[in-house]
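A.B. asks: Got a structure for you, protein.cif, holding mmCIF, C-alpha atoms.
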data_entry
loop_
_atom_site.label_atom_id
_atom_site.label_comp_id
_atom_site.auth_asym_id
_atom_site.auth_seq_id
_atom_site.Cartn_x
_atom_site.Cartn_y
_atom_site.Cartn_z
CA MET A 113 5.19 -16.22 -21.94
CA ASN A 114 3.61 -13.47 -24.02
CA PRO A 115 4.58 -9.88 -23.08
CA ARG A 116 1.04 -8.95 -22.11
CA LEU A 117 0.74 -11.82 -19.62
CA GLU A 118 4.22 -11.07 -18.27
CA ARG A 119 3.17 -7.44 -17.68
CA ARG A 120 0.14 -8.66 -15.75
CA TYR A 121 2.23 -11.01 -13.62
CA ARG A 122 4.73 -8.21 -12.97
CA ARG A 123 1.87 -6.01 -11.78
CA LEU A 124 0.83 -8.74 -9.31
CA LEU A 125 4.45 -9.01 -8.14
CA LEU A 126 4.18 -5.40 -6.91
CA ALA A 127 2.58 -6.93 -3.80
CA TYR A 128 6.10 -8.07 -2.80
CA PRO A 129 8.52 -5.71 -1.04
CA PRO A 130 11.04 -4.18 -3.50
CA GLN A 131 14.06 -6.12 -2.21
CA VAL A 132 12.25 -9.48 -2.46
CA ARG A 133 10.97 -8.53 -5.91
CA ALA A 134 14.49 -7.66 -7.07
CA ALA A 135 15.78 -11.05 -5.90
CA ARG A 136 12.82 -13.23 -6.89
CA ALA A 137 10.73 -11.74 -9.71
CA GLU A 138 12.63 -13.30 -12.64
CA GLU A 139 12.72 -16.70 -10.98
CA ILE A 140 8.99 -16.64 -10.20
CA LEU A 141 8.25 -15.67 -13.82
CA THR A 142 10.45 -18.58 -15.05
CA THR A 143 8.52 -21.01 -12.86
CA LEU A 144 5.16 -19.57 -13.98
CA ALA A 145 6.24 -19.92 -17.63
CA GLU A 146 7.42 -23.52 -17.10
CA SER A 147 4.36 -24.62 -15.15
CA GLY A 148 2.04 -23.89 -18.07
CA SER A 149 0.70 -20.69 -16.56
CA GLY A 150 2.59 -18.86 -19.32
CA ASP A 151 0.27 -20.07 -22.12
CA ARG A 152 -2.70 -18.15 -20.86
CA ARG A 153 -4.02 -14.71 -21.75
CA VAL A 154 -4.65 -13.62 -18.16
CA PRO A 155 -3.14 -14.97 -14.91
CA SER A 156 -5.18 -17.75 -13.33
CA ALA A 157 -7.18 -16.63 -10.28
CA ARG A 158 -5.31 -19.19 -8.16
CA GLU A 159 -1.85 -17.96 -9.16
CA ALA A 160 -2.90 -14.30 -8.89
CA TRP A 161 -4.34 -14.76 -5.38
CA SER A 162 -1.28 -16.66 -4.19
CA LEU A 163 1.12 -14.00 -5.51
CA LEU A 164 -0.87 -11.26 -3.76
CA VAL A 165 -1.09 -13.13 -0.45
CA GLU A 166 2.56 -14.24 -0.48
CA GLY A 167 3.63 -10.70 -1.44
CA VAL A 168 1.91 -9.27 1.64
CA ARG A 169 3.24 -12.13 3.76
CA ALA A 170 6.76 -11.36 2.53
CA ARG A 171 6.30 -7.74 3.65
CA ALA A 172 5.14 -8.89 7.10
CA ARG A 173 8.01 -11.38 7.36
CA LEU A 174 10.57 -8.75 6.43
CA ALA A 175 9.18 -6.38 9.08
CA ALA A 176 9.05 -9.15 11.70
CA ALA A 177 12.72 -9.95 11.02
CA ASP A 178 13.56 -6.53 12.53
CA GLY A 179 11.97 -7.66 15.82
CA PRO A 180 8.66 -6.95 17.57
CA GLY A 181 9.61 -3.25 17.95
CA ARG A 182 9.26 -2.77 14.19
CA ILE A 183 5.82 -4.45 14.06
CA TRP A 184 4.49 -2.29 16.92
CA ALA A 185 6.12 0.88 15.59
CA ASP A 186 4.56 0.33 12.13
CA GLY A 187 1.14 -0.57 13.56
CA LEU A 188 1.02 2.31 16.06
CA GLN A 189 2.31 4.83 13.50
CA LEU A 190 -0.42 3.81 11.07
CA GLY A 191 -3.00 3.80 13.89
CA VAL A 192 -2.14 7.25 15.24
CA LEU A 193 -2.06 8.61 11.69
CA LEU A 194 -5.57 7.27 11.00
CA LEU A 195 -6.81 8.50 14.38
CA THR A 196 -5.51 11.98 13.59
CA PHE A 197 -7.19 11.86 10.18
CA ALA A 198 -10.43 10.85 11.93
CA ASN A 199 -10.11 13.65 14.52
CA LEU A 200 -9.32 16.12 11.76
CA GLY A 201 -12.29 14.86 9.73
CA MET A 202 -14.72 15.14 12.64
CA LEU A 203 -14.52 18.92 12.55
CA LEU A 204 -13.52 19.46 8.95
CA TRP A 205 -17.11 20.35 8.02
CA GLN A 206 -16.83 23.43 10.22
CA ALA A 207 -13.10 24.01 9.77
CA TRP A 208 -13.66 27.71 9.23
CA ARG A 209 -14.77 27.96 12.87
CA TYR A 210 -11.62 26.23 14.12
CA PRO A 211 -8.72 27.34 11.92
CA ALA A 212 -6.05 26.96 14.64
CA TRP A 213 -7.27 23.43 15.40
CA THR A 214 -7.23 22.41 11.72
CA VAL A 215 -3.68 23.73 11.29
CA LEU A 216 -2.56 22.00 14.51
CA LEU A 217 -3.90 18.59 13.44
CA GLY A 218 -2.65 19.11 9.87
CA ALA A 219 0.85 19.74 11.22
CA THR A 220 0.52 16.63 13.41
CA VAL A 221 -0.25 14.54 10.32
CA VAL A 222 2.89 15.84 8.61
CA ALA A 223 5.04 15.17 11.72
CA ILE A 224 3.72 11.57 11.93
CA LEU A 225 4.33 11.03 8.22
CA ARG A 226 7.90 12.34 8.56
CA ALA A 227 8.50 9.97 11.54
CA ARG A 228 8.90 12.82 14.08
CA PRO A 229 6.94 11.42 17.04
CA ARG A 230 8.22 13.99 19.56
CA VAL A 231 7.16 16.95 17.42
CA ALA A 232 3.76 15.29 16.85
CA LEU A 233 3.53 14.60 20.61
CA VAL A 234 3.92 18.30 21.46
CA LEU A 235 1.34 19.27 18.81
CA THR A 236 -1.24 16.70 19.95
CA ALA A 237 -0.64 17.56 23.62
CA VAL A 238 -1.49 21.20 22.84
CA ALA A 239 -4.56 20.03 20.86
CA ALA A 240 -5.74 17.76 23.68
CA LEU A 241 -5.17 20.43 26.31
CA THR A 242 -7.13 22.92 24.24
CA ALA A 243 -9.99 20.48 23.66
CA ALA A 244 -10.13 19.62 27.37
CA ARG A 245 -9.97 23.22 28.67
CA PRO A 246 -13.46 23.26 30.26
CA LEU A 247 -12.48 20.18 32.30
CA LEU A 248 -9.19 21.49 33.62
CA PRO A 249 -9.00 22.73 37.23
CA MET A 250 -7.08 25.85 36.20
CA ARG A 251 -8.09 28.37 33.57
CA LEU A 252 -5.89 28.48 30.50
CA PRO A 253 -5.06 31.91 29.09
CA GLN A 254 -7.90 32.57 26.67
CA SER A 255 -5.66 34.46 24.25
CA LEU A 256 -3.44 31.38 23.81
CA PHE A 257 -5.87 28.48 23.97
CA GLY A 258 -9.34 29.82 23.39
CA TRP A 259 -9.08 30.85 19.80
CA GLY A 260 -10.00 28.69 16.85
CA ALA A 261 -10.30 25.34 18.63
CA PRO A 262 -13.21 23.28 19.96
CA ALA A 263 -13.72 22.67 23.68
CA TYR A 264 -15.37 19.58 25.19
CA GLY A 265 -16.99 19.20 28.56
CA ASP A 266 -16.86 15.39 28.81
CA TRP A 267 -13.89 13.10 29.17
CA SER A 268 -15.26 10.46 26.80
CA THR A 269 -15.02 12.94 23.89
CA VAL A 270 -11.68 14.27 25.07
CA ALA A 271 -10.39 10.63 25.16
CA ARG A 272 -10.36 10.68 21.35
CA HIS A 273 -7.87 13.53 21.51
CA LEU A 274 -5.90 12.14 24.44
CA ALA A 275 -5.37 8.76 22.73
CA PRO A 276 -2.95 10.21 20.11
CA VAL A 277 -0.95 11.84 22.94
CA LEU A 278 -0.55 8.48 24.66
CA LEU A 279 0.31 6.69 21.40
CA LEU A 280 2.86 9.31 20.37
CA ALA A 281 4.43 9.16 23.83
CA LEU A 282 4.86 5.41 23.26
CA LEU A 283 6.28 6.00 19.76
CA SER A 284 8.74 8.52 21.24
CA LEU A 285 10.34 5.75 23.32
CA PRO A 286 13.73 4.88 21.78
CA VAL A 287 12.76 1.20 21.46
CA LEU A 288 9.96 2.12 19.02
CA ARG A 289 11.27 5.43 17.66
CA ARG A 290 14.32 3.84 16.03
CA HIS A 291 12.02 1.64 13.92
CA LEU A 292 9.87 4.52 12.64
CA ARG A 293 10.14 5.33 8.97
CA ALA A 294 8.97 8.33 6.97
CA ARG A 295 5.82 7.52 5.00
CA ALA A 296 4.90 8.46 1.44
CA TRP A 297 3.42 11.90 0.85
CA TRP A 298 0.41 10.36 -0.90
CA TRP A 299 -1.10 9.83 2.57
CA LEU A 300 -1.98 13.52 2.33
CA LEU A 301 -4.56 12.47 -0.23
CA VAL A 302 -6.64 11.19 2.71
CA PRO A 303 -7.55 14.69 4.00
CA VAL A 304 -8.08 15.71 0.36
CA ALA A 305 -10.56 12.84 0.04
CA GLN A 306 -12.16 13.90 3.34
CA VAL A 307 -12.71 17.40 1.93
CA ALA A 308 -14.10 15.85 -1.28
CA VAL A 309 -16.59 13.76 0.75
CA LEU A 310 -17.50 16.86 2.74
CA VAL A 311 -18.18 18.85 -0.44
CA LEU A 312 -20.26 15.93 -1.75
CA VAL A 313 -22.29 15.81 1.49
CA VAL A 314 -22.98 19.55 1.30
CA VAL A 315 -23.92 19.32 -2.39
CA VAL A 316 -26.29 16.42 -1.69
CA ALA A 317 -27.75 18.22 1.33
CA ARG A 318 -28.34 21.34 -0.76
CA ALA A 319 -29.82 19.32 -3.61
CA ALA A 320 -32.17 17.69 -1.10
CA GLY A 321 -33.16 21.11 0.10
CA SER A 322 -33.43 22.54 -3.42
CA ILE A 323 -37.18 22.82 -2.99
CA GLY A 324 -36.06 26.08 -1.47
CA LEU A 325 -32.67 26.53 0.14
CA ALA A 326 -34.23 29.00 2.53
CA SER A 327 -36.39 26.19 3.96
CA ILE A 328 -33.24 24.36 5.03
CA GLY A 329 -31.75 26.53 7.72
CA PRO A 330 -28.14 26.53 8.87
CA ALA A 331 -29.04 24.30 11.84
CA GLN A 332 -30.57 21.62 9.62
CA LEU A 333 -27.70 21.91 7.19
CA GLU A 334 -25.29 21.41 10.06
CA ARG A 335 -27.27 18.40 11.27
CA LEU A 336 -27.29 16.88 7.78
CA GLY A 337 -23.57 17.53 7.48
CA GLU A 338 -22.99 15.85 10.82
CA LEU A 339 -25.04 12.80 9.83
CA GLY A 340 -23.26 12.48 6.50
CA TRP A 341 -19.96 12.94 8.22
CA THR A 342 -20.68 10.24 10.82
CA ALA A 343 -21.44 7.84 7.98
CA ALA A 344 -18.30 8.98 6.19
CA ARG A 345 -16.31 8.08 9.29
CA SER A 346 -17.91 4.71 10.15
CA ALA A 347 -17.72 3.32 6.61
CA PRO A 348 -13.90 3.66 6.31
CA GLU A 349 -13.54 2.32 9.87
CA ALA A 350 -15.58 -0.76 9.04
CA VAL A 351 -13.57 -1.31 5.85
CA LEU A 352 -10.30 -0.92 7.75
CA VAL A 353 -11.35 -3.43 10.42
CA ALA A 354 -12.36 -5.95 7.73
CA VAL A 355 -9.09 -5.44 5.81
CA ALA A 356 -7.08 -5.71 9.04
CA LEU A 357 -8.74 -9.00 9.99
CA GLY A 358 -8.18 -10.28 6.44
CA LEU A 359 -4.51 -9.33 6.51
CA VAL A 360 -4.00 -11.10 9.82
CA LEU A 361 -5.85 -14.27 8.83
CA VAL A 362 -4.56 -14.60 5.28
CA ALA A 363 -1.17 -12.90 5.34
CA ARG A 364 -0.29 -13.06 9.08
CA ASP A 365 0.43 -9.35 9.12
CA PRO A 366 -0.67 -7.92 12.50
CA ARG A 367 0.22 -4.28 11.74
CA ALA A 368 -3.10 -3.22 10.22
CA ALA A 369 -4.93 -4.92 13.13
CA ILE A 370 -2.88 -2.90 15.63
CA ALA A 371 -3.78 0.25 13.67
CA ALA A 372 -7.47 -0.70 13.54
CA LEU A 373 -7.51 -1.28 17.31
CA VAL A 374 -5.95 2.12 17.93
CA LEU A 375 -8.51 3.73 15.65
CA VAL A 376 -11.72 2.15 16.94
CA ALA A 377 -11.05 1.51 20.64
CA PRO A 378 -11.04 5.17 21.88
CA GLY A 379 -14.56 5.69 20.47
CA LEU A 380 -16.00 2.85 22.55
CA GLY A 381 -15.93 4.85 25.80
CA TRP A 382 -17.77 7.67 24.07
CA ALA A 383 -20.36 5.27 22.60
CA LEU A 384 -20.90 3.70 26.04
CA GLU A 385 -21.52 7.08 27.61
CA GLN A 386 -23.78 8.26 24.78
CA ARG A 387 -25.66 4.94 24.42
CA ALA A 388 -29.00 6.41 25.46
CA TRP A 389 -28.83 8.98 22.61
CA LEU A 390 -27.45 6.76 19.86
CA SER A 391 -29.64 6.03 16.84
CA PRO A 392 -30.46 2.30 16.35
CA LEU A 393 -28.05 2.16 13.40
CA ALA A 394 -25.27 3.78 15.42
CA SER A 395 -25.96 1.38 18.33
CA TRP A 396 -25.55 -1.61 16.02
CA TYR A 397 -22.37 -0.11 14.61
CA TRP A 398 -20.81 0.36 18.05
CA LEU A 399 -21.96 -3.09 19.15
CA ALA A 400 -20.14 -4.53 16.13
CA ILE A 401 -17.04 -2.51 17.05
CA ALA A 402 -17.24 -3.74 20.66
CA VAL A 403 -17.27 -7.34 19.39
CA THR A 404 -14.47 -6.60 16.95
CA VAL A 405 -12.01 -5.21 19.50
CA PRO A 406 -11.32 -8.52 21.32
CA LEU A 407 -11.23 -10.24 17.91
CA LEU A 408 -8.54 -7.81 16.78
CA VAL A 409 -6.53 -8.40 19.98
CA MET A 410 -6.69 -12.17 19.43
CA ALA A 411 -5.76 -11.68 15.77
CA VAL A 412 -2.67 -9.64 16.67
CA VAL A 413 -1.50 -12.25 19.20
CA SER A 414 -2.14 -15.14 16.80
CA ALA A 415 -0.44 -13.42 13.84
CA ASN A 416 2.66 -12.67 15.93
CA ARG A 417 2.86 -16.28 17.09
CA ARG A 418 2.29 -17.78 13.63
CA GLN A 419 4.79 -15.39 12.11
CA ARG A 420 7.44 -16.67 14.53
CA THR A 421 6.67 -20.37 14.46
CA GLU A 422 5.08 -21.40 11.17
CA LEU A 423 7.23 -22.70 8.34
CA MET B 1277 12.53 -21.63 25.80
CA ARG B 1278 12.69 -21.99 22.05
CA ARG B 1279 9.24 -22.34 20.49
CA GLN B 1280 8.42 -25.47 18.52
CA ARG B 1281 8.07 -24.62 14.85
CA SER B 1282 5.06 -26.00 13.03
CA ILE B 1283 5.41 -27.05 9.43
CA THR B 1284 2.64 -26.46 6.91
CA GLU B 1285 1.72 -29.09 4.35
CA PRO B 1286 3.16 -27.17 1.34
CA SER B 1287 6.48 -26.70 3.19
CA TYR B 1288 6.55 -30.40 4.10
CA PHE B 1289 6.12 -31.42 0.47
CA VAL B 1290 8.72 -28.87 -0.67
CA LEU B 1291 11.26 -30.39 1.74
CA ALA B 1292 10.26 -33.94 0.78
CA ALA B 1293 10.64 -33.10 -2.93
CA LEU B 1294 14.28 -32.26 -2.32
CA LEU B 1295 15.13 -35.62 -0.69
CA ASP B 1296 16.45 -37.04 -3.98
CA GLY B 1297 18.75 -34.09 -4.56
CA ARG B 1298 18.72 -30.56 -5.88
CA LEU B 1299 15.76 -29.24 -7.90
CA HIS B 1300 14.63 -25.93 -9.41
CA GLY B 1301 11.27 -24.26 -8.72
CA TYR B 1302 9.19 -26.03 -11.35
CA GLY B 1303 10.95 -29.32 -10.53
CA ILE B 1304 9.75 -28.98 -6.92
CA ILE B 1305 6.16 -28.24 -8.04
CA LYS B 1306 6.12 -31.37 -10.26
CA LYS B 1307 7.70 -33.60 -7.62
CA ALA B 1308 5.32 -32.39 -4.86
CA ALA B 1309 2.31 -33.12 -7.09
CA GLU B 1310 3.71 -36.56 -7.96
CA GLN B 1311 4.51 -37.49 -4.34
CA SER B 1312 1.08 -36.38 -3.09
CA ASN B 1313 -0.80 -38.16 -5.89
CA GLY B 1314 -1.79 -34.80 -7.35
CA ARG B 1315 -3.26 -33.48 -4.12
CA VAL B 1316 -0.64 -30.79 -3.43
CA ARG B 1317 -0.67 -28.37 -6.36
CA LEU B 1318 1.80 -25.66 -5.41
CA THR B 1319 1.37 -22.25 -7.00
CA ALA B 1320 4.50 -20.20 -7.75
CA GLY B 1321 3.59 -17.78 -4.93
CA THR B 1322 3.18 -20.55 -2.35
CA LEU B 1323 6.36 -22.31 -3.50
CA TYR B 1324 8.61 -19.25 -3.19
CA GLY B 1325 6.97 -18.15 0.06
CA ALA B 1326 7.75 -21.58 1.52
CA LEU B 1327 11.30 -21.59 0.08
CA ASP B 1328 11.99 -18.15 1.61
CA ARG B 1329 10.79 -19.25 5.06
CA LEU B 1330 12.72 -22.53 4.82
CA ALA B 1331 15.88 -20.73 3.65
CA ASP B 1332 15.55 -18.22 6.55
CA GLN B 1333 15.73 -21.16 8.94
CA GLN B 1334 18.63 -22.75 6.99
CA LEU B 1335 16.53 -25.80 6.12
CA VAL B 1336 17.17 -25.42 2.37
CA THR B 1337 19.91 -23.64 0.51
CA VAL B 1338 20.54 -22.37 -3.03
CA VAL B 1339 23.20 -24.52 -4.69
CA GLY B 1340 23.41 -23.02 -8.16
CA HIS B 1341 21.62 -21.23 -10.93
CA GLU B 1342 21.40 -21.23 -14.70
CA GLN B 1343 19.89 -19.10 -17.45
CA VAL B 1344 17.02 -20.59 -19.45
CA ALA B 1345 15.77 -18.51 -22.39
CA GLY B 1346 17.17 -15.40 -20.73
CA ARG B 1347 15.57 -16.17 -17.37
CA THR B 1348 17.12 -17.18 -14.06
CA ARG B 1349 16.53 -20.59 -12.62
CA ARG B 1350 17.85 -21.42 -9.13
CA TYR B 1351 18.50 -24.87 -7.72
CA TYR B 1352 17.65 -25.73 -4.12
CA GLN B 1353 18.96 -28.46 -1.84
CA LEU B 1354 18.10 -29.72 1.65
CA THR B 1355 20.54 -28.87 4.44
CA ASP B 1356 21.34 -31.26 7.30
CA ARG B 1357 18.94 -29.29 9.49
CA GLY B 1358 16.27 -29.65 6.78
CA ILE B 1359 16.73 -33.43 6.64
CA GLN B 1360 16.56 -33.62 10.43
CA LEU B 1361 13.36 -31.55 10.62
CA LEU B 1362 11.76 -33.59 7.83
CA GLN B 1363 12.57 -36.84 9.65
CA GLN B 1364 11.13 -35.48 12.92
CA GLU B 1365 7.96 -34.34 11.17
CA ALA B 1366 7.56 -37.67 9.36
CA ALA B 1367 8.03 -39.56 12.65
CA ARG B 1368 5.43 -37.33 14.33
CA MET B 1369 2.89 -37.94 11.55
CA GLU B 1370 3.67 -41.68 11.52
CA GLN B 1371 3.02 -41.89 15.24
CA ALA B 1372 -0.24 -39.96 14.80
CA ALA B 1373 -1.30 -42.20 11.90
CA ARG B 1374 -0.50 -45.37 13.86
CA ILE B 1375 -3.20 -44.50 16.40
CA VAL B 1376 -5.71 -45.28 13.64
CA THR B 1377 -3.92 -47.59 11.22
CA GLY B 1378 -2.53 -49.82 14.01
CA ARG B 1379 -5.99 -50.79 15.23
CA HIS B 1380 -7.64 -53.96 14.00
CA ASP B 1381 -10.92 -53.33 15.79
CA LEU B 1382 -12.02 -50.23 13.89
CA PRO B 1383 -15.80 -50.01 13.80
CA ALA B 1384 -17.16 -51.18 10.45
CA ILE B 1385 -18.63 -48.45 8.26
CA GLY B 1386 -22.12 -49.42 7.31
CA PRO B 1387 -25.09 -47.62 5.79
CA GLN B 1388 -26.09 -44.56 7.80
CA PRO B 1389 -29.34 -44.86 9.70
CA ALA B 1390 -32.11 -42.87 8.08
#
Translate this structure into C-alpha cells?
C.D. replies:
Amino acid sequence: MNPRLERRYRRLLLAYPPQVRAARAEEILTTLAESGSGDRRVPSAREAWSLLVEGVRARARLAAADGPGRIWADGLQLGVLLLTFANLGMLLWQAWRYPAWTVLLGATVVAILRARPRVALVLTAVAALTAARPLLPMRLPQSLFGWGAPAYGDWSTVARHLAPVLLLALLSLPVLRRHLRARAWWWLLVPVAQVAVLVLVVVVARAAGSIGLASIGPAQLERLGELGWTAARSAPEAVLVAVALGLVLVARDPRAAIAALVLVAPGLGWALEQRAWLSPLASWYWLAIAVTVPLLVMAVVSANRRQRTEL
Amino acid sequence: MRRQRSITEPSYFVLAALLDGRLHGYGIIKKAAEQSNGRVRLTAGTLYGALDRLADQQLVTVVGHEQVAGRTRRYYQLTDRGIQLLQQEAARMEQAARIVTGRHDLPAIGPQPA
C-alpha cells in the first residue's frame, strides 16, 4: 500500500475510538492491502463509508458496554450542553443588556463541560428563577435578581430555562453522575461561532440598510437581528436532528438522538402557545419538529434494542 | 428473560467461513464471497465490526497472529458457542426456506397481464 493511501485510510480510522484503533488499525490496514484496496490512489467509497460507519458503531458499542447509564448520561450531557448554548445564543445579540445572565450561562457551559452537574444545577436554577421572576408569587430582592438578566411573563418561554434545571437534576443522580466525563475544551468554539454569526447578521443588516443607516432605526435593527438569530438557531437544530437520526439508523448510536430530543422538545410548548403569531415558515419548522420528536423517541428505543441484540 | 439475539447476514457468513478452521481477515472475506457465490462482499470495516461483536459474545476467538511485511495478521476460530449459534441459525433458515421449497403446487409464473 502506498504511503499516501495509507495516510488516507488512517485518517478514516479516526472514526474509531482510540482503544479500538490501537488494537485494530494495523490489522485492518493489512486486510485492506491484501484485498486489493491497497493498489488504489484513493480509498474506495464503499470501504471509506464502511470504516466511518463501523468506527461510529464501535464508539456506540463501547459506550453501551458500560450499561444504559452511560448512554443516557452521554446523551443528556450533550443535550443540556446544546440547550444551554441555544439559551445563551437567544440573547447573545443583546448580551450587553444582560451581562449577569451571559456570565451565568457561560459558567454553566463550563460546569457541564467539566462534568460538574451539581454546580451547573445551582447556576441554571438561579438563571431559571431569575427568568421566571414575574411569575413567582413572592417578590425576589431586586438587588440580587433584577440586574442584568431577562424576565419572562409566560411559562412556555420559561420552560426553555427550566428544562436544563430538570436535566441537570437527573444528571446529578449518582446512577448517571458516575458515568459523566469531562468534554474537550473545543466545545467553547460553539459560543465563539455564535458570536461570529451574530456579527455577520449585524454586518448584513447594516449593509442592507446602507442606503442610510439612519433610516434603519434601533428597533428595526433589533428585529432584523432577531430574525437572523431565529434562523441561526433553527438551521443548526435541523442539522442536529438529521445527524441524530442518521447516527441511530446507520450506526445504532442513540446518544445524539437523546440530545436532539432534549434540545428541540422544550420549544414545542412555546411554539404551541405562540402558534397564532408564528410566520408561515416558522409554523412549518415547528410542525416538522413536532413530527420529528416521536421519530426520535422511536429511534432511541430501536437503537438501544438493536445495540443489545444484533450480532 | 434473556433476549434472542438476531444475526445479520455478514455475521452469518463470517461464522460460516470459519467452519473449516482458523482464518485471517482477508481469508474470511474471500471465503464469504466464495460461499455466497459472490453476493456477500465484506468490506474491511464490516468484517472487523462483525468480528468484534462476535468476539464480545465469545462466538469467535483469536487463536494466533503473525507478521506479514511488517503488519499484524490475526487468525480467528469458531468457539463451541459459535458453532451452536450457527447451527441454530441454519436450522431456522432451513425451516423458513422449506415453507416455499417444500411445496410442489407453487403457482406457475407466467407472463404478467398487461
A.B. asks: Please write as a list in words the full residue list that the PyMOL selection byres ((chain B) within 7 of (chain A)) yields on this file.
C.D. replies: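 So the PyMOL selection byres ((chain B) within 7 of (chain A)) ends up selecting Arg1279, Gln1280, Arg1281, Ser1282, Ile1283, Thr1284, Ser1287, Gly1301, Tyr1302, Thr1319, Ala1320, Gly1321, Thr1322, Gly1325, Ala1326, Arg1329, Leu1330, Arg1347, Thr1348 and Arg1349 of chain B.
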A.B. asks: Have a look at A:Pro366, A:Gly201, A:Gly379, A:Pro249 and name the one nearest to Gln306 (chain A); count all atoms listed in the file.
C.D. replies: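 Counting all atoms listed in the file, the residue closest to Gln306 (chain A) is A:Gly201.
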A.B. asks: Would you work out the distance separating CA of Ala294 (chain A) from CA of Tyr128 (chain A), expressed in Å to one decimal?
C.D. replies: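 We find that CA of Ala294 (chain A) and CA of Tyr128 (chain A) lie 19.3 Å from each other.
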A.B. asks: Under the PyMOL selection byres ((chain A and resi 284) around 10), which residues of this model are included? Write them out as a PyMOL selection string.
C.D. replies: chain A and resi 185+227-233+278-283+285-290+292
A.B. asks: Could you state which residues are captured by the PyMOL selection byres ((chain B and resi 1318) around 8) in this file, as a list in words?
C.D. replies: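 Evaluating the PyMOL selection byres ((chain B and resi 1318) around 8) on this file yields Pro1286, Ile1305, Ala1308, Ala1309, Val1316, Arg1317, Thr1319, Ala1320, Thr1322 and Leu1323 of chain B.
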A.B. asks: So, counting all atoms listed in the file, which residue among B:Ala1345, B:Leu1335, B:Leu1354, B:Ala1373 is closest to Ile1304 (chain B)?
C.D. replies: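 Nearest candidate to Ile1304 (chain B) out of B:Ala1345, B:Leu1335, B:Leu1354, B:Ala1373: B:Leu1354.
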A.B. asks: Between B:Ile1375, B:Leu1299, B:Ala1292, B:Ala1384, which is the closest to Gly1358 (chain B) once you count only C-alpha atoms?
C.D. replies: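 The closest residue to Gly1358 (chain B) is B:Ala1292.
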A.B. asks: Name the residues in contact with Gly187 (chain A) at a cut-off of 7 Å, using only C-alpha atoms, excluding same-chain residues fewer than 2 positions from it; report them as a PDB file with C-alpha atoms, keeping the file's coordinate frame.
C.D. replies:
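Once everything was written out, this is out_7.pdb:
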ATOM      1  CA  ILE A 183       5.820  -4.450  14.060  1.00  0.00           C
ATOM      2  CA  TRP A 184       4.490  -2.290  16.920  1.00  0.00           C
ATOM      3  CA  ALA A 185       6.120   0.880  15.590  1.00  0.00           C
ATOM      4  CA  GLN A 189       2.310   4.830  13.500  1.00  0.00           C
ATOM      5  CA  LEU A 190      -0.420   3.810  11.070  1.00  0.00           C
ATOM      6  CA  GLY A 191      -3.000   3.800  13.890  1.00  0.00           C
ATOM      7  CA  ARG A 367       0.220  -4.280  11.740  1.00  0.00           C
ATOM      8  CA  ALA A 368      -3.100  -3.220  10.220  1.00  0.00           C
ATOM      9  CA  ILE A 370      -2.880  -2.900  15.630  1.00  0.00           C
ATOM     10  CA  ALA A 371      -3.780   0.250  13.670  1.00  0.00           C
TER      11      ALA A 371
END
A.B. asks: One decimal, in Å: what's the spacing between CA of Asn199 (chain A) and CA of Pro276 (chain A)?
C.D. replies: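 Separation between CA of Asn199 (chain A) and CA of Pro276 (chain A): 9.7 Å.
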A.B. asks: Which polymer residues, protein or nucleic acid, are no farther than 9 Å from (-12.2, 13.3, 21.6), counting all atoms listed in the file, as a CSV table (one decimal) with C-alpha atoms, keeping the file's coordinate frame?
C.D. replies:
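Output saved as out.csv:
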chain,number,residue,atom,x,y,z
A,199,ASN,CA,-10.1,13.6,14.5
A,240,ALA,CA,-5.7,17.8,23.7
A,243,ALA,CA,-10.0,20.5,23.7
A,244,ALA,CA,-10.1,19.6,27.4
A,264,TYR,CA,-15.4,19.6,25.2
A,266,ASP,CA,-16.9,15.4,28.8
A,267,TRP,CA,-13.9,13.1,29.2
A,268,SER,CA,-15.3,10.5,26.8
A,269,THR,CA,-15.0,12.9,23.9
A,270,VAL,CA,-11.7,14.3,25.1
A,271,ALA,CA,-10.4,10.6,25.2
A,272,ARG,CA,-10.4,10.7,21.4
A,273,HIS,CA,-7.9,13.5,21.5
A,274,LEU,CA,-5.9,12.1,24.4
A,275,ALA,CA,-5.4,8.8,22.7
A,378,PRO,CA,-11.0,5.2,21.9
A,379,GLY,CA,-14.6,5.7,20.5
A,382,TRP,CA,-17.8,7.7,24.1
A.B. asks: Grab the CA of Leu217 (chain A) to CA of Ala239 (chain A) distance for me, in Å with one decimal place.
C.D. replies: 7.6 Å
A.B. asks: Step by step, gather every atom of region 132-147 of chain A that the file lists, find the box along x, y and z that holds them, add 3 Å on each side, and finally give centre and edge lengths in Å to one decimal, as JSON.
C.D. replies:
{"center_x": 10.1, "center_y": -16.1, "center_z": -10.0, "size_x": 17.4, "size_y": 23.0, "size_z": 21.2}
A.B. asks: Pick out the residues sitting within 10 Å of Val1338 (chain B), and hand them over as a ChimeraX atom specification; count only C-alpha atoms, and ignore anything fewer than 5 positions along from it in its own chain.
C.D. replies: /B:1298-1300,1327,1331,1350-1355
A.B. asks: Near Arg295 (chain A), within 9 Å and counting all atoms listed in the file, which residues show up once chain neighbours fewer than 6 positions away are dropped, as a short mmCIF file (atom, residue, chain, number, x, y, z; two decimals) with C-alpha atoms, in the frame of the given file?
C.D. replies:
data_model
loop_
_atom_site.label_atom_id
_atom_site.label_comp_id
_atom_site.auth_asym_id
_atom_site.auth_seq_id
_atom_site.Cartn_x
_atom_site.Cartn_y
_atom_site.Cartn_z
CA ILE A 224 3.72 11.57 11.93
CA LEU A 225 4.33 11.03 8.22
CA ARG A 226 7.90 12.34 8.56
CA ALA A 227 8.50 9.97 11.54
#
A.B. asks: Counting only C-alpha atoms, what is within 10 Å of Glu349 (chain A), bar same-chain residues fewer than 6 positions away, as number ranges by chain?
C.D. replies: A: 194, 198, 343, 355, 372, 375-376, 401
